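Chemist: This is the structure I have questions about; it appears just below.
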Amino acid sequence: MKKAYLVLTLLFVSGFINGQISGSLMQHPDVSDAQITFVYGDDMWIASKSGGDAHPLSSPDGAERYPRFLS
């Protein structure tokens, strides 16, 4: 019985690890006082520096590159 729990736990953990998004796909970051913007999947995204979810800024046809905050 312990072996079955171990196998189920390992399957759950391996599925969780494989479901993570690779940070290496995030490109061209720019940082402001409170936020970070970057390109992921040819779209622009924004996230809080304190953490949390990232939200898409745009999703037009074509590739988006080099997002920047205005000073």
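Residue names in the structure tokens use chain letters A, B, ... in the order shown, residue numbers from 1 in each chain, and ligand numbers from 1 in the order shown.
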Set the distance at 10 Å and use only C-alpha atoms: which residues neighbour range 32-47 of chain A once local chain neighbours fewer than 5 positions away are removed? I'd like the list as an MDAnalysis selection string.
Modeler: chainID A and resid 23:27 52:71
